[in-house]
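One file, input-v8.pdb, is given below (PDB, C-alpha atoms and all ligand atoms).
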```pdb
ATOM      1  CA  MET S   1      51.917  24.630 -14.867
ATOM      2  CA  ASN S   2      53.012  27.804 -13.159
ATOM      3  CA  LEU S   3      55.065  26.628 -10.175
ATOM      4  CA  ALA S   4      54.431  29.748  -8.082
ATOM      5  CA  GLY S   5      51.276  30.810  -6.274
ATOM      6  CA  ASN S   6      49.757  27.339  -5.808
ATOM      7  CA  THR S   7      48.577  25.629  -2.644
ATOM      8  CA  ILE S   8      49.752  22.028  -2.961
ATOM      9  CA  LEU S   9      49.124  18.869  -0.930
ATOM     10  CA  ILE S  10      51.726  16.098  -1.330
ATOM     11  CA  THR S  11      50.893  12.752   0.263
ATOM     12  CA  GLY S  12      53.987  10.950   1.523
ATOM     13  CA  GLY S  13      55.916  14.216   1.260
ATOM     14  CA  ALA S  14      58.279  13.747   4.207
ATOM     15  CA  SER S  15      60.835  11.680   2.303
ATOM     16  CA  GLY S  16      62.103  10.631  -1.114
ATOM     17  CA  ILE S  17      60.400  11.883  -4.264
ATOM     18  CA  GLY S  18      57.596  13.639  -2.351
ATOM     19  CA  LEU S  19      60.044  15.678  -0.271
ATOM     20  CA  ALA S  20      62.245  16.472  -3.275
ATOM     21  CA  LEU S  21      59.200  17.869  -5.105
ATOM     22  CA  ALA S  22      57.990  19.676  -1.963
ATOM     23  CA  GLU S  23      61.345  21.460  -1.569
ATOM     24  CA  ARG S  24      61.349  22.605  -5.172
ATOM     25  CA  LEU S  25      57.716  23.736  -5.229
ATOM     26  CA  LEU S  26      58.193  25.635  -1.974
ATOM     27  CA  LYS S  27      61.279  27.340  -3.381
ATOM     28  CA  ALA S  28      59.348  28.233  -6.545
ATOM     29  CA  GLY S  29      56.819  30.183  -4.459
ATOM     30  CA  SER S  30      53.963  27.777  -3.684
ATOM     31  CA  GLU S  31      52.386  26.934  -0.338
ATOM     32  CA  VAL S  32      53.119  23.230   0.340
ATOM     33  CA  ILE S  33      51.461  20.797   2.744
ATOM     34  CA  ILE S  34      52.956  17.335   3.223
ATOM     35  CA  CYS S  35      51.400  14.375   5.002
ATOM     36  CA  GLY S  36      52.560  10.941   6.080
ATOM     37  CA  ARG S  37      52.364   8.442   8.928
ATOM     38  CA  ARG S  38      55.666   9.162  10.702
ATOM     39  CA  GLU S  39      55.430  12.366  12.710
ATOM     40  CA  ASP S  40      59.197  12.473  13.316
ATOM     41  CA  LYS S  41      59.888  12.500   9.550
ATOM     42  CA  LEU S  42      57.312  15.273   9.041
ATOM     43  CA  ASN S  43      58.875  17.340  11.865
ATOM     44  CA  GLU S  44      62.342  16.766  10.421
ATOM     45  CA  ALA S  45      61.186  18.013   6.999
ATOM     46  CA  GLN S  46      59.534  21.066   8.567
ATOM     47  CA  GLN S  47      62.640  21.898  10.614
ATOM     48  CA  LYS S  48      64.681  21.824   7.422
ATOM     49  CA  HIS S  49      62.062  23.847   5.504
ATOM     50  CA  PRO S  50      60.110  25.991   8.002
ATOM     51  CA  GLY S  51      57.636  27.053   5.284
ATOM     52  CA  LEU S  52      56.270  23.503   4.956
ATOM     53  CA  HIS S  53      52.923  22.635   6.535
ATOM     54  CA  ILE S  54      52.632  19.123   7.945
ATOM     55  CA  ARG S  55      49.869  16.690   8.821
ATOM     56  CA  VAL S  56      49.996  13.150  10.183
ATOM     57  CA  CYS S  57      47.792  10.936   8.029
ATOM     58  CA  ASP S  58      47.619   7.282   7.011
ATOM     59  CA  VAL S  59      46.111   7.400   3.521
ATOM     60  CA  ALA S  60      45.391   3.660   3.698
ATOM     61  CA  GLN S  61      42.525   4.438   6.111
ATOM     62  CA  GLU S  62      39.302   5.705   4.568
ATOM     63  CA  SER S  63      38.446   7.670   7.741
ATOM     64  CA  GLU S  64      41.846   9.420   7.660
ATOM     65  CA  ARG S  65      41.406  10.362   4.011
ATOM     66  CA  ILE S  66      38.073  11.952   4.901
ATOM     67  CA  SER S  67      39.627  13.792   7.898
ATOM     68  CA  LEU S  68      42.443  14.996   5.629
ATOM     69  CA  ILE S  69      40.079  16.587   3.097
ATOM     70  CA  SER S  70      37.994  18.204   5.818
ATOM     71  CA  TRP S  71      41.113  19.631   7.564
ATOM     72  CA  VAL S  72      42.596  20.860   4.254
ATOM     73  CA  SER S  73      39.307  22.470   3.162
ATOM     74  CA  GLN S  74      39.201  24.444   6.433
ATOM     75  CA  ALA S  75      42.880  25.290   6.792
ATOM     76  CA  PHE S  76      43.781  25.718   3.094
ATOM     77  CA  PRO S  77      40.599  26.637   1.213
ATOM     78  CA  LYS S  78      42.689  27.743  -1.800
ATOM     79  CA  LEU S  79      44.214  24.278  -2.313
ATOM     80  CA  ASN S  80      44.527  23.827  -6.085
ATOM     81  CA  VAL S  81      47.035  20.967  -6.523
ATOM     82  CA  VAL S  82      46.973  17.425  -5.106
ATOM     83  CA  ILE S  83      49.984  15.153  -5.615
ATOM     84  CA  ASN S  84      49.122  11.510  -4.902
ATOM     85  CA  ASN S  85      52.651  10.377  -4.109
ATOM     86  CA  ALA S  86      52.450   8.134  -0.995
ATOM     87  CA  GLY S  87      53.412   4.579  -1.877
ATOM     88  CA  ILE S  88      55.044   1.438  -0.573
ATOM     89  CA  GLN S  89      56.697  -1.449  -2.365
ATOM     90  CA  LYS S  90      56.824  -4.981  -1.034
ATOM     91  CA  ARG S  91      58.786  -7.838  -2.523
ATOM     92  CA  THR S  92      56.446 -10.810  -2.643
ATOM     93  CA  GLN S  93      56.871 -14.479  -3.506
ATOM     94  CA  LEU S  94      53.447 -15.517  -4.771
ATOM     95  CA  THR S  95      54.072 -19.202  -4.045
ATOM     96  CA  ASP S  96      54.585 -18.393  -0.350
ATOM     97  CA  THR S  97      51.087 -19.183   0.847
ATOM     98  CA  GLN S  98      52.006 -18.189   4.415
ATOM     99  CA  GLU S  99      51.956 -14.509   3.442
ATOM    100  CA  GLU S 100      49.020 -12.758   5.028
ATOM    101  CA  TRP S 101      46.413 -11.143   2.827
ATOM    102  CA  ALA S 102      46.550  -8.035   5.059
ATOM    103  CA  LYS S 103      50.059  -7.309   3.747
ATOM    104  CA  HIS S 104      48.843  -7.251   0.133
ATOM    105  CA  GLN S 105      45.706  -5.371   1.062
ATOM    106  CA  GLN S 106      47.746  -2.594   2.677
ATOM    107  CA  GLU S 107      49.863  -2.204  -0.461
ATOM    108  CA  ILE S 108      46.719  -1.982  -2.598
ATOM    109  CA  ALA S 109      45.095   0.476  -0.157
ATOM    110  CA  ILE S 110      48.088   2.851  -0.113
ATOM    111  CA  ASN S 111      49.107   2.666  -3.770
ATOM    112  CA  LEU S 112      45.726   2.422  -5.500
ATOM    113  CA  GLU S 113      42.661   2.860  -3.273
ATOM    114  CA  ALA S 114      44.056   6.034  -1.646
ATOM    115  CA  PRO S 115      44.884   7.984  -4.823
ATOM    116  CA  ILE S 116      41.539   7.036  -6.391
ATOM    117  CA  HIS S 117      39.559   8.033  -3.283
ATOM    118  CA  LEU S 118      41.590  11.211  -2.644
ATOM    119  CA  SER S 119      41.138  12.291  -6.270
ATOM    120  CA  LEU S 120      37.361  11.901  -5.904
ATOM    121  CA  LEU S 121      37.299  13.632  -2.502
ATOM    122  CA  PHE S 122      39.277  16.634  -3.762
ATOM    123  CA  ILE S 123      37.395  17.201  -7.056
ATOM    124  CA  PRO S 124      34.741  19.530  -5.516
ATOM    125  CA  LEU S 125      37.381  21.724  -3.813
ATOM    126  CA  LEU S 126      39.635  21.777  -6.886
ATOM    127  CA  ARG S 127      36.744  22.785  -9.137
ATOM    128  CA  LYS S 128      36.442  26.066  -7.234
ATOM    129  CA  GLN S 129      40.064  27.064  -7.877
ATOM    130  CA  PRO S 130      42.005  28.626 -10.715
ATOM    131  CA  ASN S 131      44.601  26.277 -12.281
ATOM    132  CA  PRO S 132      43.577  23.036 -10.547
ATOM    133  CA  VAL S 133      45.791  19.962 -11.003
ATOM    134  CA  ILE S 134      45.818  16.347  -9.797
ATOM    135  CA  ILE S 135      49.193  14.621 -10.136
ATOM    136  CA  ASN S 136      49.421  10.854  -9.746
ATOM    137  CA  ILE S 137      52.788   9.197  -9.204
ATOM    138  CA  THR S 138      52.753   5.849 -10.983
ATOM    139  CA  SER S 139      55.931   3.998 -12.059
ATOM    140  CA  GLY S 140      57.777   2.599 -15.039
ATOM    141  CA  LEU S 141      56.645  -0.741 -13.561
ATOM    142  CA  ALA S 142      53.076   0.218 -14.569
ATOM    143  CA  PHE S 143      54.179  -0.561 -18.139
ATOM    144  CA  ALA S 144      56.691  -3.418 -17.643
ATOM    145  CA  PRO S 145      56.106  -5.119 -14.264
ATOM    146  CA  ALA S 146      58.787  -6.336 -11.873
ATOM    147  CA  ALA S 147      57.847  -9.906 -11.007
ATOM    148  CA  PHE S 148      59.551  -9.563  -7.587
ATOM    149  CA  ALA S 149      56.984  -6.859  -6.716
ATOM    150  CA  PRO S 150      53.827  -8.192  -8.384
ATOM    151  CA  ILE S 151      51.215  -6.441  -6.239
ATOM    152  CA  TYR S 152      53.109  -3.158  -6.428
ATOM    153  CA  SER S 153      53.426  -3.376 -10.215
ATOM    154  CA  ALA S 154      49.715  -4.193 -10.546
ATOM    155  CA  THR S 155      48.699  -1.208  -8.383
ATOM    156  CA  LYS S 156      50.799   1.103 -10.528
ATOM    157  CA  ALA S 157      49.369  -0.298 -13.788
ATOM    158  CA  ALA S 158      45.868   0.234 -12.388
ATOM    159  CA  LEU S 159      46.708   3.761 -11.250
ATOM    160  CA  HIS S 160      48.037   4.542 -14.739
ATOM    161  CA  SER S 161      44.748   3.304 -16.199
ATOM    162  CA  PHE S 162      42.676   5.288 -13.684
ATOM    163  CA  THR S 163      44.718   8.423 -14.424
ATOM    164  CA  LEU S 164      43.850   8.213 -18.133
ATOM    165  CA  SER S 165      40.111   7.902 -17.364
ATOM    166  CA  LEU S 166      40.260  10.651 -14.747
ATOM    167  CA  ARG S 167      41.961  13.006 -17.215
ATOM    168  CA  HIS S 168      39.310  12.273 -19.818
ATOM    169  CA  GLN S 169      36.377  12.773 -17.439
ATOM    170  CA  LEU S 170      37.795  15.922 -15.828
ATOM    171  CA  GLN S 171      38.623  17.641 -19.107
ATOM    172  CA  PRO S 172      35.401  19.733 -19.131
ATOM    173  CA  THR S 173      36.006  20.850 -15.513
ATOM    174  CA  GLY S 174      39.400  22.424 -16.229
ATOM    175  CA  ILE S 175      41.161  20.171 -13.704
ATOM    176  CA  LYS S 176      44.397  18.990 -15.342
ATOM    177  CA  VAL S 177      45.471  15.426 -14.587
ATOM    178  CA  VAL S 178      49.204  14.696 -14.742
ATOM    179  CA  GLU S 179      50.981  11.347 -14.501
ATOM    180  CA  ILE S 180      54.560  11.127 -13.295
ATOM    181  CA  ALA S 181      56.014   7.658 -13.903
ATOM    182  CA  PRO S 182      59.409   7.479 -12.178
ATOM    183  CA  PRO S 183      62.024   4.879 -13.137
ATOM    184  CA  ALA S 184      64.084   3.397 -10.272
ATOM    185  CA  VAL S 185      65.131   6.431  -8.220
ATOM    186  CA  ASN S 186      67.427   6.251  -5.192
ATOM    187  CA  THR S 187      65.082   6.624  -2.208
ATOM    188  CA  ASP S 188      64.071   4.466   0.769
ATOM    189  CA  LEU S 189      61.228   2.827  -1.205
ATOM    190  CA  GLY S 190      60.805  -0.776  -0.044
ATOM    191  CA  GLY S 191      63.180  -0.120   2.879
ATOM    192  CA  PRO S 192      66.532   1.647   3.233
ATOM    193  CA  GLY S 193      69.273   0.339   0.941
ATOM    194  CA  LEU S 194      67.058  -1.401  -1.626
ATOM    195  CA  HIS S 195      66.874   1.444  -4.171
ATOM    196  CA  THR S 196      70.524   2.252  -4.755
ATOM    197  CA  PHE S 197      70.698   1.250  -8.429
ATOM    198  CA  GLY S 198      68.462   4.009  -9.767
ATOM    199  CA  ALA S 199      68.621   7.618 -10.854
ATOM    200  CA  PRO S 200      69.910  10.209  -8.366
ATOM    201  CA  LEU S 201      66.899  11.766  -6.619
ATOM    202  CA  ASP S 202      67.875  15.407  -7.251
ATOM    203  CA  ASP S 203      68.468  14.872 -10.992
ATOM    204  CA  PHE S 204      65.096  13.139 -11.310
ATOM    205  CA  ALA S 205      63.241  15.809  -9.310
ATOM    206  CA  ASP S 206      64.873  18.688 -11.260
ATOM    207  CA  ALA S 207      63.809  17.085 -14.556
ATOM    208  CA  VAL S 208      60.245  16.504 -13.337
ATOM    209  CA  ILE S 209      59.908  20.107 -12.147
ATOM    210  CA  GLN S 210      61.063  21.414 -15.543
ATOM    211  CA  ARG S 211      58.515  19.273 -17.364
ATOM    212  CA  LEU S 212      55.704  20.249 -14.982
ATOM    213  CA  GLN S 213      56.573  23.864 -15.656
ATOM    214  CA  ALA S 214      56.458  23.165 -19.402
ATOM    215  CA  GLY S 215      52.879  21.906 -18.964
ATOM    216  CA  GLU S 216      53.477  18.236 -19.820
ATOM    217  CA  LEU S 217      50.787  15.812 -18.696
ATOM    218  CA  GLU S 218      52.808  12.571 -18.919
ATOM    219  CA  ILE S 219      56.262  12.588 -17.444
ATOM    220  CA  GLY S 220      58.773   9.747 -17.408
ATOM    221  CA  TYR S 221      62.546   9.815 -16.968
ATOM    222  CA  GLY S 222      65.244   7.574 -18.399
ATOM    223  CA  THR S 223      64.015   3.981 -18.624
ATOM    224  CA  SER S 224      60.452   4.891 -17.599
ATOM    225  CA  GLU S 225      60.258   7.422 -20.450
ATOM    226  CA  MET S 226      61.325   4.585 -22.754
ATOM    227  CA  VAL S 227      58.768   2.019 -21.486
ATOM    228  CA  ARG S 228      56.013   4.657 -21.438
ATOM    229  CA  LYS S 229      56.408   4.964 -25.214
ATOM    230  CA  ALA S 230      57.451   1.363 -25.961
ATOM    231  CA  SER S 231      55.984  -1.050 -28.500
ATOM    232  CA  ARG S 232      54.722  -4.485 -27.359
ATOM    233  CA  ALA S 233      58.035  -6.071 -28.421
ATOM    234  CA  GLU S 234      60.060  -3.427 -26.552
ATOM    235  CA  LEU S 235      57.898  -3.980 -23.446
ATOM    236  CA  ASP S 236      58.585  -7.734 -23.606
ATOM    237  CA  GLU S 237      62.288  -6.969 -23.876
ATOM    238  CA  ALA S 238      62.068  -4.580 -20.885
ATOM    239  CA  PHE S 239      60.168  -7.242 -18.885
ATOM    240  CA  ASN S 240      62.926  -9.784 -19.569
ATOM    241  CA  ARG S 241      65.642  -7.276 -18.712
ATOM    242  CA  ILE S 242      63.985  -6.360 -15.381
ATOM    243  CA  ASN S 243      63.152  -9.918 -14.371
ATOM    244  CA  ASN S 244      66.093 -11.949 -15.646
ATOM    245  CA  ARG S 245      68.980  -9.894 -14.331
TER
HETATM  246  N1  LIG S 301      61.934   5.295  -5.808
HETATM  247  C1  LIG S 301      61.589   4.630  -6.888
HETATM  248  O1  LIG S 301      62.401   3.899  -7.485
HETATM  249  C2  LIG S 301      60.195   4.785  -7.447
HETATM  250  C3  LIG S 301      59.951   4.315  -8.743
HETATM  251  C4  LIG S 301      58.675   4.426  -9.271
HETATM  252  C5  LIG S 301      57.656   4.991  -8.514
HETATM  253  N2  LIG S 301      57.925   5.440  -7.256
HETATM  254  C6  LIG S 301      56.808   5.995  -6.480
HETATM  255  O2  LIG S 301      57.152   7.258  -5.954
HETATM  256  C7  LIG S 301      56.381   7.489  -4.787
HETATM  257  C8  LIG S 301      57.278   7.965  -3.669
HETATM  258  O3  LIG S 301      58.144   6.907  -3.285
HETATM  259  P1  LIG S 301      59.662   7.149  -2.859
HETATM  260  O4  LIG S 301      60.523   6.430  -3.817
HETATM  261  O5  LIG S 301      59.906   8.577  -2.619
HETATM  262  O6  LIG S 301      59.737   6.296  -1.507
HETATM  263  P2  LIG S 301      59.811   6.761   0.026
HETATM  264  O7  LIG S 301      60.954   7.636   0.280
HETATM  265  O8  LIG S 301      59.661   5.504   0.809
HETATM  266  O9  LIG S 301      58.519   7.670   0.170
HETATM  267  C9  LIG S 301      57.234   7.172   0.325
HETATM  268  C10 LIG S 301      56.484   8.115   1.237
HETATM  269  O10 LIG S 301      55.128   7.668   1.313
HETATM  270  C11 LIG S 301      54.726   7.774   2.661
HETATM  271  N3  LIG S 301      53.669   6.804   2.921
HETATM  272  C12 LIG S 301      53.736   5.463   2.793
HETATM  273  N4  LIG S 301      52.588   4.910   3.193
HETATM  274  C13 LIG S 301      51.785   5.923   3.581
HETATM  275  C14 LIG S 301      50.479   5.973   4.118
HETATM  276  N5  LIG S 301      49.782   4.870   4.352
HETATM  277  N6  LIG S 301      49.948   7.179   4.398
HETATM  278  C15 LIG S 301      50.655   8.311   4.186
HETATM  279  N7  LIG S 301      51.909   8.332   3.688
HETATM  280  C16 LIG S 301      52.458   7.136   3.401
HETATM  281  C17 LIG S 301      55.977   7.489   3.489
HETATM  282  O11 LIG S 301      55.907   8.089   4.770
HETATM  283  P3  LIG S 301      55.432   7.276   6.068
HETATM  284  O12 LIG S 301      56.094   5.936   6.042
HETATM  285  O13 LIG S 301      55.883   8.135   7.210
HETATM  286  O14 LIG S 301      53.941   7.202   5.983
HETATM  287  C18 LIG S 301      57.054   8.142   2.652
HETATM  288  O15 LIG S 301      57.266   9.478   3.043
HETATM  289  C19 LIG S 301      55.654   6.173  -4.471
HETATM  290  O16 LIG S 301      54.337   6.233  -4.941
HETATM  291  C20 LIG S 301      56.453   5.165  -5.270
HETATM  292  O17 LIG S 301      55.694   4.044  -5.611
HETATM  293  C21 LIG S 301      59.173   5.360  -6.700
END
```
Once more with this new file: its structure as structure tokens, please.
Amino acid sequence: MNLAGNTILITGGASGIGLALAERLLKAGSEVIICGRREDKLNEAQQKHPGLHIRVCDVAQESERISLISWVSQAFPKLNVVINNAGIQKRTQLTDTQEEWAKHQQEIAINLEAPIHLSLLFIPLLRKQPNPVIINITSGLAFAPAAFAPIYSATKAALHSFTLSLRHQLQPTGIKVVEIAPPAVNTDLGGPGLHTFGAPLDDFADAVIQRLQAGELEIGYGTSEMVRKASRAELDEAFNRINNR
């Protein structure tokens, strides 16, 4: 993928992995739009990088996904890359029957329903462009789940599966479909201070950008690169390592 000359939408681009990619793609010479729920975080990102375009949007809401595509189609008719990055991670004890279904539903809506629906909504616009790409951010936990985050891990496994089917179906259209499966990366995922044991964000983002530029369609890093290619026995071992530490 040529990193310059694109018009790119990154959901959840005001922090963490989304922002790290936004900064690099902007610097490489692409137009970048980021969206998220917190307006103050979007403004902060734009103040730091005045070239960024921002939009408040809750991708969990169907109506907001539809407003997003209609705004983008008007304001950025040359949009050729969509990065489905917005995600949340909740730690859930499945035996705690007091937990409200709405909490799980929100995690499924943000992590799975939104990227599926946004991919479908953007296909007609992307088909009109040169070099169209959809990039889905899954996780190493798509391959070896973390039992402390069972809904999260399931959404990422499902998004990995959807990404394979999407790539297959879109092949004749010329729209490339890329999967980025991060390992643990130090961001605010799940709440500040929970992801401090992972890879440094800048190292991860630099590696991802290099591999996007090289045209790779499936991108892991460190342990997620290992589980992405693992045998059944190696996946069992990874599951035990993640869940019995
Ligand atoms: N960090 C890791 O260890 C890791 C590992 C594997 C995969 N990932 C994946 O990488 C992606 C980015 O996560 P991150 O680590 O960078 O965490 P992060 O810093 O918490 O970023 C997540 C972003 O998503 C946005 N977001 C959440 N819900 C949203 C919604 N309903 N609508 C619009 N935007 C929403 C958040 O902004 P608002 O709260 O303002 O909406 C935030 O900017 C996620 O898909 C995550 O699952 C991360």
Quiz item: When you draw a straight line from atom CA of S:Ile108 to atom CA of S:Leu68, how long is it in Å?
Solution: 19.3 Å
Self-check item: Selection under test: the PyMOL selection byres (((not hetatm)) within 6 of (chain S and resi 301)); residues as number ranges by chain
Solution: S: 11-18, 36-38, 57-60, 85-88, 110, 137-139, 182-189
Filtering to C-alpha atoms, could you give me those residues as an mmCIF file, keeping the file's coordinate frame?
```cif
data_model
loop_
_atom_site.group_PDB
_atom_site.id
_atom_site.type_symbol
_atom_site.label_atom_id
_atom_site.label_comp_id
_atom_site.auth_asym_id
_atom_site.auth_seq_id
_atom_site.Cartn_x
_atom_site.Cartn_y
_atom_site.Cartn_z
ATOM 1 C CA THR S 11 50.893 12.752 0.263
ATOM 2 C CA GLY S 12 53.987 10.950 1.523
ATOM 3 C CA GLY S 13 55.916 14.216 1.260
ATOM 4 C CA ALA S 14 58.279 13.747 4.207
ATOM 5 C CA SER S 15 60.835 11.680 2.303
ATOM 6 C CA GLY S 16 62.103 10.631 -1.114
ATOM 7 C CA ILE S 17 60.400 11.883 -4.264
ATOM 8 C CA GLY S 18 57.596 13.639 -2.351
ATOM 9 C CA GLY S 36 52.560 10.941 6.080
ATOM 10 C CA ARG S 37 52.364 8.442 8.928
ATOM 11 C CA ARG S 38 55.666 9.162 10.702
ATOM 12 C CA CYS S 57 47.792 10.936 8.029
ATOM 13 C CA ASP S 58 47.619 7.282 7.011
ATOM 14 C CA VAL S 59 46.111 7.400 3.521
ATOM 15 C CA ALA S 60 45.391 3.660 3.698
ATOM 16 C CA ASN S 85 52.651 10.377 -4.109
ATOM 17 C CA ALA S 86 52.450 8.134 -0.995
ATOM 18 C CA GLY S 87 53.412 4.579 -1.877
ATOM 19 C CA ILE S 88 55.044 1.438 -0.573
ATOM 20 C CA ILE S 110 48.088 2.851 -0.113
ATOM 21 C CA ILE S 137 52.788 9.197 -9.204
ATOM 22 C CA THR S 138 52.753 5.849 -10.983
ATOM 23 C CA SER S 139 55.931 3.998 -12.059
ATOM 24 C CA PRO S 182 59.409 7.479 -12.178
ATOM 25 C CA PRO S 183 62.024 4.879 -13.137
ATOM 26 C CA ALA S 184 64.084 3.397 -10.272
ATOM 27 C CA VAL S 185 65.131 6.431 -8.220
ATOM 28 C CA ASN S 186 67.427 6.251 -5.192
ATOM 29 C CA THR S 187 65.082 6.624 -2.208
ATOM 30 C CA ASP S 188 64.071 4.466 0.769
ATOM 31 C CA LEU S 189 61.228 2.827 -1.205
#
```
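Atom CA of S:Ala146 is positioned 14.8 Å from atom CA of S:Arg228.
Interatomic distance, atom CA of S:Asn6 against atom CA of S:Glu31: 6.1 Å.
Of the listed residues S:Thr155, S:Pro77, S:Gly220, S:His53, the one whose atoms come nearest to S:Glu113 is S:Thr155, with distances taken using all atoms listed in the file.
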Quiz prompt | Hits from the PyMOL selection byres (((chain S and resi 199) around 9) and not hetatm), listed as a ChimeraX atom specification | solution = /S:183-186,196-198,200-204,221-222
So what does the PyMOL selection byres (((chain S and resi 33) around 6) and not hetatm) actually pick up in this one, as a short mmCIF file (atom, residue, chain, number, x, y, z; two decimals) with C-alpha atoms, in the frame of the given file?
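The resulting out_29.cif:
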```
data_model
loop_
_atom_site.label_atom_id
_atom_site.label_comp_id
_atom_site.auth_asym_id
_atom_site.auth_seq_id
_atom_site.Cartn_x
_atom_site.Cartn_y
_atom_site.Cartn_z
CA LEU S 9 49.12 18.87 -0.93
CA VAL S 32 53.12 23.23 0.34
CA ILE S 34 52.96 17.34 3.22
CA LEU S 52 56.27 23.50 4.96
CA HIS S 53 52.92 22.64 6.54
CA ILE S 54 52.63 19.12 7.94
#
```
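Those residues that approach S:Lys156 to within 7 Å, counting all atoms listed in the file, are Thr138, Ser139, Leu141, Ala142, Tyr152, Ser153, Leu159 and His160 of chain S; same-chain residues fewer than 3 positions away are not listed.
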